[in-house]
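For reference, my_file-v2.txt is printed below; it contains compact mmCIF, C-alpha atoms.
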# COMPACT_ATOMS: atom_id res chain seq x y z
CA MET G 289 181.28 35.31 -25.19
CA LEU G 290 181.94 34.56 -28.85
CA ALA G 291 185.67 34.77 -29.47
CA LYS G 292 187.33 36.68 -32.26
CA ARG G 293 189.12 34.16 -34.43
CA ILE G 294 192.75 34.09 -35.56
CA ILE G 295 193.20 32.16 -38.78
CA PRO G 296 196.57 31.46 -40.37
CA CYS G 297 196.39 31.20 -44.14
CA LEU G 298 198.78 28.87 -45.92
CA ASP G 299 199.56 28.99 -49.61
CA VAL G 300 199.98 25.42 -50.72
CA THR G 301 200.91 23.51 -53.83
CA GLY G 302 201.37 19.79 -54.28
CA GLY G 303 200.78 19.22 -50.58
CA ARG G 304 203.57 21.59 -49.49
CA VAL G 305 203.35 24.96 -47.82
CA VAL G 306 205.09 27.44 -50.09
CA LYS G 307 204.68 30.86 -48.57
CA GLY G 308 207.34 31.93 -46.19
CA ILE G 309 209.69 29.05 -46.70
CA ASN G 310 213.45 29.32 -47.06
CA PHE G 311 213.30 32.81 -45.68
CA GLU G 312 216.02 34.20 -43.44
CA GLY G 313 217.33 30.86 -42.37
CA LEU G 314 213.92 29.34 -41.74
CA ARG G 315 213.79 25.73 -42.71
CA ASP G 316 211.38 24.33 -45.24
CA ALA G 317 207.87 25.01 -43.94
CA GLY G 318 207.02 21.41 -44.63
CA SER G 319 203.91 19.58 -45.56
CA ILE G 320 200.38 20.78 -44.98
CA LEU G 321 200.07 18.20 -42.23
CA GLU G 322 203.19 19.40 -40.40
CA GLN G 323 202.04 23.02 -40.54
CA ALA G 324 198.52 22.10 -39.48
CA ARG G 325 199.86 20.26 -36.44
CA PHE G 326 202.02 23.21 -35.56
CA TYR G 327 199.26 25.82 -35.80
CA ASN G 328 196.76 23.58 -34.05
CA GLY G 329 199.20 23.33 -31.16
CA GLU G 330 199.42 27.12 -31.11
CA LEU G 331 195.64 27.45 -30.76
CA ALA G 332 194.81 28.56 -34.30
CA ASP G 333 191.02 28.79 -34.45
CA GLU G 334 190.77 27.54 -38.01
CA LEU G 335 193.08 26.86 -40.92
CA VAL G 336 192.82 28.12 -44.48
CA PHE G 337 194.68 26.39 -47.29
CA LEU G 338 194.89 28.35 -50.47
CA ASP G 339 195.83 25.98 -53.27
CA ILE G 340 197.93 27.80 -55.82
CA SER G 341 198.72 24.66 -57.81
CA ALA G 342 198.56 24.92 -61.55
CA SER G 343 198.30 21.23 -62.31
CA VAL G 344 195.55 18.76 -61.55
CA GLU G 345 198.12 16.31 -60.21
CA SER G 346 199.48 18.85 -57.75
CA ARG G 347 195.98 19.72 -56.53
CA LYS G 348 195.30 16.06 -55.94
CA THR G 349 198.38 15.77 -53.77
CA THR G 350 197.24 18.83 -51.81
CA LEU G 351 193.85 17.26 -51.18
CA GLU G 352 195.42 14.02 -50.04
CA GLU G 353 197.40 16.02 -47.51
CA VAL G 354 194.21 17.81 -46.37
CA LEU G 355 192.65 14.40 -45.87
CA LYS G 356 195.47 13.51 -43.50
CA VAL G 357 195.01 16.79 -41.62
CA SER G 358 191.29 16.15 -41.14
CA GLY G 359 192.14 12.82 -39.56
CA GLU G 360 194.14 14.34 -36.74
CA VAL G 361 193.55 18.09 -36.48
CA PHE G 362 190.03 18.74 -35.30
CA ILE G 363 189.39 22.41 -36.04
CA PRO G 364 187.56 23.84 -39.06
CA LEU G 365 189.51 23.53 -42.31
CA THR G 366 188.90 25.72 -45.35
CA VAL G 367 190.32 25.03 -48.79
CA GLY G 368 190.31 27.59 -51.58
CA GLY G 369 191.89 28.15 -54.96
CA GLY G 370 190.40 27.61 -58.39
CA ILE G 371 187.05 26.21 -57.24
CA ASN G 372 184.72 26.65 -60.18
CA SER G 373 182.07 23.96 -59.83
CA VAL G 374 179.97 22.05 -57.30
CA GLU G 375 181.89 18.97 -58.36
CA ARG G 376 185.21 20.58 -57.41
CA ALA G 377 183.73 21.66 -54.07
CA ARG G 378 182.41 18.14 -53.50
CA GLU G 379 185.86 16.68 -54.06
CA ILE G 380 187.28 19.09 -51.46
CA PHE G 381 184.61 18.26 -48.87
CA MET G 382 185.20 14.55 -49.53
CA HIS G 383 188.82 15.09 -48.55
CA GLY G 384 187.82 16.41 -45.17
CA ALA G 385 187.52 20.18 -45.64
CA ASP G 386 184.69 21.85 -43.71
CA LYS G 387 184.46 24.92 -45.90
CA VAL G 388 185.44 25.99 -49.38
CA SER G 389 186.56 29.47 -50.27
CA VAL G 390 185.35 30.68 -53.66
CA ASN G 391 186.35 33.84 -55.49
CA THR G 392 186.85 34.36 -59.23
CA ALA G 393 184.38 31.71 -60.39
CA VAL G 394 181.47 33.14 -58.40
CA VAL G 395 181.99 36.64 -59.76
CA LYS G 396 181.46 35.11 -63.20
CA GLU G 397 178.72 32.77 -62.02
CA PRO G 398 177.15 34.00 -58.74
CA GLU G 399 174.61 31.14 -58.65
CA LEU G 400 177.47 28.78 -57.88
CA ILE G 401 177.36 30.15 -54.30
CA SER G 402 173.73 29.02 -53.96
CA ARG G 403 174.37 25.67 -55.54
CA ILE G 404 177.19 24.83 -53.14
CA ALA G 405 175.25 26.26 -50.16
CA GLU G 406 172.12 24.26 -50.99
CA LYS G 407 174.09 21.06 -51.05
CA TYR G 408 176.53 21.61 -48.19
CA GLY G 409 174.96 24.43 -46.18
CA SER G 410 175.82 28.12 -46.00
CA GLN G 411 178.29 27.48 -43.19
CA ALA G 412 180.46 25.63 -45.71
CA VAL G 413 180.76 28.51 -48.18
CA VAL G 414 183.26 31.32 -47.67
CA VAL G 415 183.25 33.94 -50.39
CA ALA G 416 186.63 35.61 -50.79
CA ILE G 417 186.43 39.18 -52.02
CA ASP G 418 189.57 40.97 -53.24
CA VAL G 419 189.25 44.72 -53.35
CA LYS G 420 191.35 47.59 -54.65
CA LYS G 421 190.67 51.24 -54.00
CA LYS G 422 189.96 53.36 -57.05
CA GLU G 423 188.82 56.98 -56.74
CA ASN G 424 187.54 56.37 -53.21
CA ARG G 425 185.57 53.29 -54.16
CA HIS G 426 186.63 49.77 -53.32
CA MET G 427 186.24 47.72 -56.44
CA VAL G 428 186.17 43.91 -56.58
CA HIS G 429 188.98 42.25 -58.51
CA THR G 430 189.33 38.66 -59.68
CA HIS G 431 192.17 36.38 -60.77
CA SER G 432 194.26 37.08 -57.65
CA GLY G 433 193.59 40.79 -57.95
CA LYS G 434 194.64 41.14 -61.56
CA ILE G 435 191.32 41.73 -63.27
CA PRO G 436 189.00 44.57 -62.23
CA THR G 437 185.24 44.13 -62.22
CA PRO G 438 182.47 46.76 -62.14
CA LEU G 439 181.39 45.45 -58.72
CA GLU G 440 181.76 47.61 -55.63
CA ALA G 441 182.74 45.79 -52.41
CA VAL G 442 179.69 46.49 -50.20
CA GLU G 443 177.24 45.82 -52.99
CA TRP G 444 178.93 42.51 -53.86
CA ALA G 445 179.17 41.50 -50.19
CA GLN G 446 175.43 41.98 -49.76
CA MET G 447 174.80 40.05 -52.94
CA VAL G 448 176.87 37.03 -51.90
CA GLN G 449 175.11 37.04 -48.54
CA GLU G 450 171.73 36.88 -50.31
CA LEU G 451 173.00 34.03 -52.47
CA GLY G 452 173.84 31.98 -49.40
CA ALA G 453 177.46 32.71 -48.46
CA GLY G 454 178.19 31.83 -44.84
CA GLU G 455 181.19 34.10 -44.38
CA ILE G 456 183.12 36.76 -46.27
CA LEU G 457 186.89 36.84 -46.50
CA LEU G 458 187.76 40.41 -47.40
CA THR G 459 191.24 41.09 -48.73
CA SER G 460 192.58 44.52 -49.47
CA MET G 461 194.86 44.18 -52.49
CA ASP G 462 196.33 47.59 -51.70
CA ARG G 463 197.48 46.38 -48.30
CA ASP G 464 198.28 42.76 -49.07
CA GLY G 465 201.96 42.07 -48.41
CA THR G 466 202.65 45.64 -47.21
CA GLN G 467 202.45 44.86 -43.47
CA GLU G 468 200.85 48.30 -43.01
CA GLY G 469 197.69 47.00 -41.39
CA TYR G 470 194.26 46.03 -42.65
CA ASP G 471 192.17 48.52 -44.64
CA ASN G 472 189.84 49.15 -41.72
CA ASP G 473 187.75 51.62 -43.66
CA ILE G 474 186.37 49.10 -46.14
CA LEU G 475 186.41 46.34 -43.53
CA SER G 476 184.03 48.17 -41.22
CA LYS G 477 181.84 49.24 -44.13
CA VAL G 478 181.42 45.68 -45.32
CA SER G 479 181.16 44.21 -41.84
CA THR G 480 178.35 46.53 -40.79
CA SER G 481 176.39 46.12 -44.02
CA VAL G 482 176.06 42.32 -43.79
CA HIS G 483 174.92 40.00 -41.00
CA ILE G 484 177.37 37.19 -41.76
CA PRO G 485 180.91 37.14 -40.30
CA VAL G 486 183.65 39.03 -42.09
CA ILE G 487 187.25 37.84 -41.98
CA ALA G 488 189.89 40.57 -42.31
CA SER G 489 192.77 39.88 -44.66
CA GLY G 490 195.64 41.70 -46.28
CA GLY G 491 198.20 43.85 -44.53
CA ALA G 492 198.62 42.53 -40.98
CA GLY G 493 202.20 43.31 -39.98
CA ASN G 494 202.05 43.39 -36.21
CA LEU G 495 199.74 42.59 -33.32
CA GLU G 496 198.29 46.07 -33.13
CA HIS G 497 197.02 45.58 -36.68
CA LEU G 498 195.03 42.57 -35.53
CA TYR G 499 193.59 44.62 -32.68
CA ASP G 500 192.67 47.45 -35.07
CA GLY G 501 191.05 45.00 -37.47
CA PHE G 502 188.70 43.87 -34.69
CA THR G 503 188.01 47.27 -33.19
CA ARG G 504 188.17 49.79 -36.05
CA GLY G 505 187.57 47.28 -38.85
CA LYS G 506 184.80 45.49 -36.88
CA ALA G 507 186.03 42.16 -38.23
CA ASP G 508 184.83 38.88 -36.75
CA ALA G 509 188.04 37.04 -37.54
CA ALA G 510 191.54 37.95 -38.68
CA LEU G 511 193.48 36.06 -41.28
CA ALA G 512 197.22 36.45 -41.46
CA ALA G 513 200.02 34.80 -43.32
CA SER G 514 203.46 36.35 -43.08
CA ILE G 515 203.46 37.43 -39.42
CA PHE G 516 202.90 33.82 -38.40
CA HIS G 517 204.91 32.02 -41.08
CA PHE G 518 208.10 33.85 -40.33
CA ARG G 519 207.51 33.12 -36.65
CA GLN G 520 207.58 36.84 -36.00
CA TYR G 521 204.75 36.18 -33.56
CA SER G 522 203.13 33.01 -32.35
CA ILE G 523 199.35 32.75 -32.45
CA ARG G 524 199.33 32.23 -28.70
CA GLN G 525 201.28 35.47 -28.29
CA ALA G 526 198.86 37.31 -30.59
CA LYS G 527 195.91 36.05 -28.61
CA GLN G 528 197.47 37.02 -25.29
CA TYR G 529 198.06 40.53 -26.66
CA LEU G 530 194.43 40.77 -27.77
CA ARG G 531 193.07 39.39 -24.51
CA ASP G 532 195.10 41.91 -22.53
CA ARG G 533 193.34 44.61 -24.52
CA GLY G 534 189.86 43.29 -23.93
CA ILE G 535 189.27 41.32 -27.12
CA PRO G 536 187.63 37.95 -26.42
CA VAL G 537 189.79 35.12 -27.76
CA ARG G 538 190.11 31.38 -27.19
CA LEU G 539 193.21 30.80 -25.11
CA MET Q 1133 181.01 0.62 -30.48
CA ILE Q 1134 179.32 3.93 -31.20
CA PHE Q 1135 176.48 3.79 -33.71
CA ILE Q 1136 176.40 6.96 -35.84
CA ALA Q 1137 172.97 7.39 -37.40
CA ASP Q 1138 173.15 8.37 -41.05
CA TYR Q 1139 169.73 9.79 -41.87
CA GLY Q 1140 171.03 12.05 -44.63
CA ALA Q 1141 172.13 15.08 -42.61
CA GLY Q 1142 175.85 15.72 -42.92
CA ASN Q 1143 178.96 15.91 -40.74
CA LEU Q 1144 179.05 12.18 -39.92
CA HIS Q 1145 182.44 11.60 -41.40
CA SER Q 1146 184.24 14.16 -39.31
CA VAL Q 1147 182.61 12.63 -36.22
CA LYS Q 1148 183.68 9.16 -37.35
CA LYS Q 1149 187.22 10.45 -37.95
CA ALA Q 1150 187.37 11.88 -34.45
CA PHE Q 1151 186.43 8.51 -32.95
CA ASP Q 1152 188.98 6.79 -35.20
CA TYR Q 1153 191.63 9.21 -33.96
CA LEU Q 1154 190.68 8.44 -30.36
CA GLY Q 1155 190.86 4.72 -31.05
CA ILE Q 1156 187.17 4.28 -30.25
CA LYS Q 1157 185.22 1.96 -32.49
CA ALA Q 1158 182.37 3.67 -34.33
CA MET Q 1159 180.20 2.79 -37.28
CA VAL Q 1160 178.11 4.89 -39.65
CA SER Q 1161 174.89 3.28 -40.80
CA SER Q 1162 171.74 4.36 -42.57
CA ASP Q 1163 169.89 1.25 -41.43
CA PRO Q 1164 167.94 1.81 -38.18
CA ARG Q 1165 167.49 -1.95 -37.77
CA LYS Q 1166 171.21 -2.23 -37.15
CA LEU Q 1167 170.94 0.18 -34.24
CA SER Q 1168 169.58 -2.34 -31.77
CA GLY Q 1169 172.20 -3.99 -29.62
CA HIS Q 1170 174.38 -0.86 -29.50
CA ARG Q 1171 174.60 0.91 -26.19
CA LYS Q 1172 175.59 4.29 -27.58
CA VAL Q 1173 174.02 6.12 -30.47
CA LEU Q 1174 175.13 9.39 -31.98
CA LEU Q 1175 172.75 11.67 -33.82
CA PRO Q 1176 174.67 14.20 -35.90
CA GLY Q 1177 173.13 16.92 -37.99
CA VAL Q 1178 173.70 19.85 -40.24
CA GLY Q 1179 170.89 21.48 -42.19
CA ALA Q 1180 167.28 22.46 -41.69
CA PHE Q 1181 165.07 21.08 -38.91
CA GLY Q 1182 161.98 20.27 -41.00
CA GLN Q 1183 163.81 18.23 -43.56
CA ALA Q 1184 165.86 16.43 -40.93
CA ILE Q 1185 162.91 15.40 -38.73
CA ASP Q 1186 161.01 14.20 -41.81
CA SER Q 1187 163.86 11.99 -42.91
CA LEU Q 1188 164.46 10.80 -39.35
CA ASN Q 1189 160.80 9.75 -39.08
CA ALA Q 1190 160.57 8.30 -42.58
CA SER Q 1191 163.75 6.24 -42.25
CA GLY Q 1192 162.56 4.62 -39.02
CA PHE Q 1193 165.37 6.15 -36.96
CA THR Q 1194 162.99 8.01 -34.62
CA GLU Q 1195 161.37 4.77 -33.54
CA ALA Q 1196 164.69 2.98 -33.28
CA VAL Q 1197 166.14 5.76 -31.10
CA LEU Q 1198 163.10 5.73 -28.77
CA GLU Q 1199 163.36 1.99 -28.37
CA HIS Q 1200 167.09 2.31 -27.77
CA LEU Q 1201 166.49 4.77 -24.92
CA ASP Q 1202 163.70 2.62 -23.46
CA LYS Q 1203 166.18 -0.20 -23.16
CA GLY Q 1204 168.55 2.02 -21.23
CA GLY Q 1205 170.80 3.00 -24.14
CA GLN Q 1206 172.56 6.32 -24.39
CA LEU Q 1207 172.25 9.02 -27.00
CA LEU Q 1208 174.38 11.99 -28.03
CA GLY Q 1209 172.85 14.63 -30.28
CA ILE Q 1210 175.16 17.13 -31.97
CA CYS Q 1211 174.05 20.55 -33.28
CA LEU Q 1212 170.85 19.92 -35.25
CA GLY Q 1213 170.94 16.44 -33.71
CA MET Q 1214 170.44 18.18 -30.34
CA GLN Q 1215 167.60 20.38 -31.56
CA LEU Q 1216 165.70 17.40 -32.98
CA LEU Q 1217 165.33 16.02 -29.45
CA LEU Q 1218 163.09 18.88 -28.35
CA GLY Q 1219 159.32 19.25 -28.62
CA GLU Q 1220 159.19 21.67 -31.51
CA SER Q 1221 161.16 24.10 -33.63
CA GLU Q 1222 160.23 27.40 -35.21
CA GLU Q 1223 162.72 26.96 -38.07
CA MET Q 1224 160.82 27.82 -41.27
CA GLY Q 1225 157.37 27.12 -39.86
CA VAL Q 1226 156.55 25.07 -36.79
CA HIS Q 1227 157.83 21.48 -36.82
CA LYS Q 1228 157.39 18.81 -34.19
CA GLY Q 1229 160.56 17.21 -32.84
CA ILE Q 1230 161.14 13.84 -31.18
CA ASP Q 1231 160.09 15.41 -27.87
CA LEU Q 1232 162.53 13.60 -25.62
CA VAL Q 1233 163.26 16.91 -23.92
CA SER Q 1234 160.36 19.30 -23.30
CA GLY Q 1235 160.95 22.68 -24.80
CA LYS Q 1236 161.35 24.63 -28.00
CA VAL Q 1237 163.95 25.46 -30.60
CA LEU Q 1238 164.00 29.19 -31.22
CA ARG Q 1239 165.80 31.55 -33.57
CA PHE Q 1240 168.39 33.98 -32.20
CA ARG Q 1241 167.27 37.56 -32.47
CA SER Q 1242 169.79 40.31 -32.06
CA GLU Q 1243 170.48 43.83 -33.16
CA THR Q 1244 174.13 43.61 -32.26
CA ASP Q 1245 175.33 40.05 -32.83
CA LYS Q 1246 175.64 38.47 -36.24
CA ILE Q 1247 173.40 35.48 -36.86
CA PRO Q 1248 174.40 32.66 -37.40
CA GLN Q 1249 176.78 32.39 -34.54
CA ILE Q 1250 180.00 31.12 -36.14
CA GLY Q 1251 183.10 30.49 -34.10
CA TRP Q 1252 184.44 29.54 -30.68
CA ASN Q 1253 182.40 30.37 -27.61
CA SER Q 1254 182.81 29.43 -23.98
CA VAL Q 1255 180.63 26.79 -22.39
CA ASP Q 1256 179.60 27.42 -18.79
CA LEU Q 1257 178.81 24.26 -16.90
CA LYS Q 1258 175.55 24.21 -14.96
CA LYS Q 1259 175.68 20.78 -13.39
CA ASP Q 1260 177.95 17.83 -12.93
CA CYS Q 1261 177.74 16.08 -16.27
CA ALA Q 1262 179.60 12.97 -17.41
CA LEU Q 1263 180.11 14.58 -20.82
CA PHE Q 1264 182.32 17.32 -19.40
CA LYS Q 1265 184.43 15.21 -17.07
CA GLY Q 1266 188.00 16.54 -17.02
CA ILE Q 1267 187.06 19.64 -19.00
CA GLU Q 1268 187.59 23.01 -17.41
CA ASP Q 1269 184.56 25.21 -16.88
CA HIS Q 1270 184.26 27.97 -19.54
CA SER Q 1271 186.22 26.00 -22.13
CA PHE Q 1272 185.78 27.04 -25.75
CA PHE Q 1273 183.95 24.99 -28.36
CA TYR Q 1274 183.18 25.63 -32.02
CA PHE Q 1275 179.60 26.64 -32.86
CA VAL Q 1276 177.73 27.19 -36.13
CA HIS Q 1277 173.99 27.80 -35.73
CA SER Q 1278 171.10 30.24 -35.99
CA TYR Q 1279 168.69 28.38 -33.69
CA TYR Q 1280 169.05 27.30 -30.09
CA CYS Q 1281 167.27 24.99 -27.65
CA GLU Q 1282 165.16 26.26 -24.78
CA PRO Q 1283 164.33 23.31 -22.52
CA MET Q 1284 161.29 23.81 -20.32
CA ASP Q 1285 162.90 22.15 -17.30
CA SER Q 1286 166.08 23.96 -16.32
CA GLY Q 1287 167.24 20.72 -14.67
CA ASP Q 1288 167.88 19.30 -18.16
CA ILE Q 1289 170.43 22.01 -18.92
CA ALA Q 1290 174.01 20.83 -18.53
CA ALA Q 1291 175.69 23.99 -19.82
CA THR Q 1292 174.91 27.44 -21.14
CA THR Q 1293 176.68 29.87 -23.45
CA TRP Q 1294 176.37 33.62 -23.76
CA PHE Q 1295 175.30 34.87 -27.21
CA ALA Q 1296 172.86 37.40 -28.68
CA GLY Q 1297 172.14 38.87 -25.27
CA LYS Q 1298 171.25 35.63 -23.51
CA ASN Q 1299 172.62 32.53 -21.88
CA PHE Q 1300 171.28 29.85 -24.18
CA CYS Q 1301 171.38 26.12 -23.47
CA SER Q 1302 174.51 24.72 -25.13
CA ALA Q 1303 174.37 21.22 -23.61
CA ILE Q 1304 171.69 18.91 -22.24
CA GLU Q 1305 171.88 15.87 -20.00
CA LYS Q 1306 168.79 13.92 -19.02
CA ASN Q 1307 168.56 10.19 -18.21
CA GLY Q 1308 171.06 8.90 -20.71
CA ILE Q 1309 170.26 11.61 -23.24
CA PHE Q 1310 173.19 13.88 -23.98
CA ALA Q 1311 173.19 16.75 -26.45
CA VAL Q 1312 175.52 19.56 -27.42
CA GLN Q 1313 174.90 22.56 -29.65
CA PHE Q 1314 178.57 22.91 -30.58
CA HIS Q 1315 180.60 20.62 -32.81
CA PRO Q 1316 182.87 18.52 -30.59
CA GLU Q 1317 184.44 17.02 -33.73
CA LYS Q 1318 185.67 20.52 -34.65
CA SER Q 1319 186.54 21.74 -31.16
CA SER Q 1320 190.09 20.46 -30.87
CA GLU Q 1321 191.19 18.84 -27.57
CA ALA Q 1322 188.15 19.87 -25.53
CA GLY Q 1323 185.83 18.53 -28.22
CA LEU Q 1324 187.67 15.23 -28.46
CA ARG Q 1325 187.39 14.89 -24.70
CA VAL Q 1326 183.61 15.26 -24.92
CA LEU Q 1327 183.43 12.45 -27.48
CA LYS Q 1328 185.73 10.32 -25.36
CA ASN Q 1329 183.59 10.98 -22.29
CA PHE Q 1330 180.46 9.95 -24.16
CA ALA Q 1331 182.14 6.73 -25.24
CA GLY Q 1332 183.32 6.03 -21.71
CA CYS Q 1333 180.32 7.00 -19.61

Represent the structure contained in this file as structure tokens.
Amino acid sequence: MLAKRIIPCLDVTGGRVVKGINFEGLRDAGSILEQARFYNGELADELVFLDISASVESRKTTLEEVLKVSGEVFIPLTVGGGINSVERAREIFMHGADKVSVNTAVVKEPELISRIAEKYGSQAVVVAIDVKKKENRHMVHTHSGKIPTPLEAVEWAQMVQELGAGEILLTSMDRDGTQEGYDNDILSKVSTSVHIPVIASGGAGNLEHLYDGFTRGKADAALAASIFHFRQYSIRQAKQYLRDRGIPVRL
Amino acid sequence: MIFIADYGAGNLHSVKKAFDYLGIKAMVSSDPRKLSGHRKVLLPGVGAFGQAIDSLNASGFTEAVLEHLDKGGQLLGICLGMQLLLGESEEMGVHKGIDLVSGKVLRFRSETDKIPQIGWNSVDLKKDCALFKGIEDHSFFYFVHSYYCEPMDSGDIAATTWFAGKNFCSAIEKNGIFAVQFHPEKSSEAGLRVLKNFAGC
């Protein structure tokens, strides 16, 4: 039976993991490679690196670190952050990533999804969609949630699917960082209106939230950052919890 | 030395990296003439069947692979590289395959499961197969595909996997021909073991 996936997401810059470091006595979270080894050992199903670097130099260092990861951690690797051209995507694939995650640039230029998918296959294109609730409608936002667009979540999700996206990473901006759980309302709406997998993101604060994301939110995969970074839970522990409740996972 | 056939259809570098990591010598080449003399050939593949079989035929790799098998060589097909070994595929029109394994490549049809299948699924072993030596039955491997192989002779099926309401063939073994629908190069320890087994069998 196809397993539900657990995907830790790491914010990175200049080859270092920056989210969740130096927090409550935790040591430096280390390089991308160190974190990748750690999560691979914990049975993470995939890894997502979100490059928040501002400089070209820093991005280069990040990619060099991803290259090292792809030489010793053999699970799917996704890299996102500021990808605005096929050339940029190509550079990322050349450094060993299996998928790219695109967001702001494809709202401006939706055909970019098709251009990357035609060259590297749909399976290599994850479209990240950031949504905020406004008067009962979930509207798509760009630039890390700062800029609103006239696009509604379900409509945009169906559009990116048509353009060749292989997966959708749906983040609720309202829930992100709150640890109150995923927005299962919009998750299930999007998940049931497309035939490609939807990855839940934004708001996971405990293991029950992961369970709810799969059952009520109908997500195919769950992405989480803080609950894993702070070592509040291990991925193995999360998977055991889910398995005990009848969710198929790889353990 | 594992010969990885580069006929223009992706994912060769991650396969090469996996062999490098395992300390097993492997080479990537787009020249089918260089294939002779190697005992083990790997046929990777990502993309569409029609395009892949055309470039496989045009580049001379089809012939080289057939000759390789005639001489008692071994072959491992991965993902699309598995599907190409069958008689025909229904992916975007009917295309003829290499026909090393009788059967067809069909599209998943399901009202409940999302197509393509993306993610980790368990592989249920159907016979004793060198490829899965030391791997526990029902181990998980990483899949990405919309089409699956349906061999005519069930004796060719090495493993099956449950998806879209059926147990589809996820691995084949037949007289030196090995094939897997999943991506061993993306399936962590279990996947690396499959590649190691291929190299060592």

Close residues, region 466-473 of chain G itself excluded, 9 Å, all atoms listed in the file, min 2 positions apart in chain, as a PDB file with C-alpha atoms, in the coordinates of the input:
ATOM      1  CA  THR G 459     191.240  41.090 -48.730  1.00  0.00           C
ATOM      2  CA  SER G 460     192.580  44.520 -49.470  1.00  0.00           C
ATOM      3  CA  ASP G 462     196.330  47.590 -51.700  1.00  0.00           C
ATOM      4  CA  ARG G 463     197.480  46.380 -48.300  1.00  0.00           C
ATOM      5  CA  ASP G 464     198.280  42.760 -49.070  1.00  0.00           C
ATOM      6  CA  LEU G 475     186.410  46.340 -43.530  1.00  0.00           C
ATOM      7  CA  SER G 476     184.030  48.170 -41.220  1.00  0.00           C
ATOM      8  CA  LYS G 477     181.840  49.240 -44.130  1.00  0.00           C
ATOM      9  CA  VAL G 478     181.420  45.680 -45.320  1.00  0.00           C
ATOM     10  CA  ALA G 488     189.890  40.570 -42.310  1.00  0.00           C
ATOM     11  CA  SER G 489     192.770  39.880 -44.660  1.00  0.00           C
ATOM     12  CA  GLY G 490     195.640  41.700 -46.280  1.00  0.00           C
ATOM     13  CA  GLY G 491     198.200  43.850 -44.530  1.00  0.00           C
ATOM     14  CA  ALA G 492     198.620  42.530 -40.980  1.00  0.00           C
ATOM     15  CA  GLY G 493     202.200  43.310 -39.980  1.00  0.00           C
ATOM     16  CA  ASN G 494     202.050  43.390 -36.210  1.00  0.00           C
ATOM     17  CA  GLU G 496     198.290  46.070 -33.130  1.00  0.00           C
ATOM     18  CA  HIS G 497     197.020  45.580 -36.680  1.00  0.00           C
ATOM     19  CA  LEU G 498     195.030  42.570 -35.530  1.00  0.00           C
ATOM     20  CA  ASP G 500     192.670  47.450 -35.070  1.00  0.00           C
ATOM     21  CA  GLY G 501     191.050  45.000 -37.470  1.00  0.00           C
ATOM     22  CA  PHE G 502     188.700  43.870 -34.690  1.00  0.00           C
ATOM     23  CA  THR G 503     188.010  47.270 -33.190  1.00  0.00           C
ATOM     24  CA  ARG G 504     188.170  49.790 -36.050  1.00  0.00           C
ATOM     25  CA  GLY G 505     187.570  47.280 -38.850  1.00  0.00           C
ATOM     26  CA  LYS G 506     184.800  45.490 -36.880  1.00  0.00           C
ATOM     27  CA  ALA G 507     186.030  42.160 -38.230  1.00  0.00           C
ATOM     28  CA  SER G 514     203.460  36.350 -43.080  1.00  0.00           C
ATOM     29  CA  ILE G 515     203.460  37.430 -39.420  1.00  0.00           C
TER      30      ILE G 515
END

- Query: Which residues come within 9 Å of region 1180-1187 of chain Q, counting all atoms listed in the file, excluding same-chain residues fewer than 6 positions away, as a ChimeraX atom specification?
  - Reply: /Q:1139-1141,1193-1194,1212-1213,1215-1216,1221-1230

- Interatomic distance, CA of Glu352 (chain G) to CA of Ala377 (chain G) (Å, one decimal):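 CA of Glu352 (chain G) sits 14.5 Å away from CA of Ala377 (chain G).
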
- Message: If the cut-off is 6 Å, can you tell me the residues of chain G near chain Q, counting all atoms listed in the file? I'd like them as a list in words.
- Response: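 Using all atoms listed in the file, chain G residues at most 6 Å from chain Q: Met289, Leu290, Ala291, Gly359, Phe362, Ile363, Pro364, His483 and Ile484 of chain G.
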
- Might you pull out every residue within 6 Å of Ala332 (chain G), with all atoms listed in the file counted and same-chain residues fewer than 4 positions away left off, and present them as a list of chain:residue names? G:Ile295, G:Tyr327, G:Asn328

- Can you work out the spacing between CA of Ser481 (chain G) and CA of Glu443 (chain G) in Å, to one decimal? 9.0 Å

Set the distance at 6 Å and use all atoms listed in the file: which residues neighbour region 1173-1176 of chain Q once local chain neighbours fewer than 6 positions away are removed? I'd like the list as an mmCIF file with C-alpha atoms, in the frame of the given file.
data_model
loop_
_atom_site.group_PDB
_atom_site.id
_atom_site.type_symbol
_atom_site.label_atom_id
_atom_site.label_comp_id
_atom_site.auth_asym_id
_atom_site.auth_seq_id
_atom_site.Cartn_x
_atom_site.Cartn_y
_atom_site.Cartn_z
ATOM 1 C CA ILE Q 1134 179.320 3.930 -31.200
ATOM 2 C CA PHE Q 1135 176.480 3.790 -33.710
ATOM 3 C CA ILE Q 1136 176.400 6.960 -35.840
ATOM 4 C CA ALA Q 1137 172.970 7.390 -37.400
ATOM 5 C CA LEU Q 1207 172.250 9.020 -27.000
ATOM 6 C CA LEU Q 1208 174.380 11.990 -28.030
ATOM 7 C CA GLY Q 1209 172.850 14.630 -30.280
ATOM 8 C CA ILE Q 1210 175.160 17.130 -31.970
ATOM 9 C CA GLY Q 1213 170.940 16.440 -33.710
#

- Answer as a list in words, residues within 8 Å of (196.9, 24.2, -40.2) using only C-alpha atoms: Pro296, Leu298, Ile320, Leu321, Glu322, Gln323, Ala324, Arg325, Phe326, Tyr327, Asn328, Ala332, Glu334, Leu335, Val336, Phe337, Val357, Val361 and Leu365 of chain G

- Please provide the set of residues having any atom within 8 Å of His426 (chain G), restricted to only C-alpha atoms, with same-chain residues fewer than 3 positions apart removed, written as a list in words.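 Counting only the stated atoms, we get Val419, Lys420, Lys421, Lys422, Glu440, Ala441 and Ile474 of chain G.
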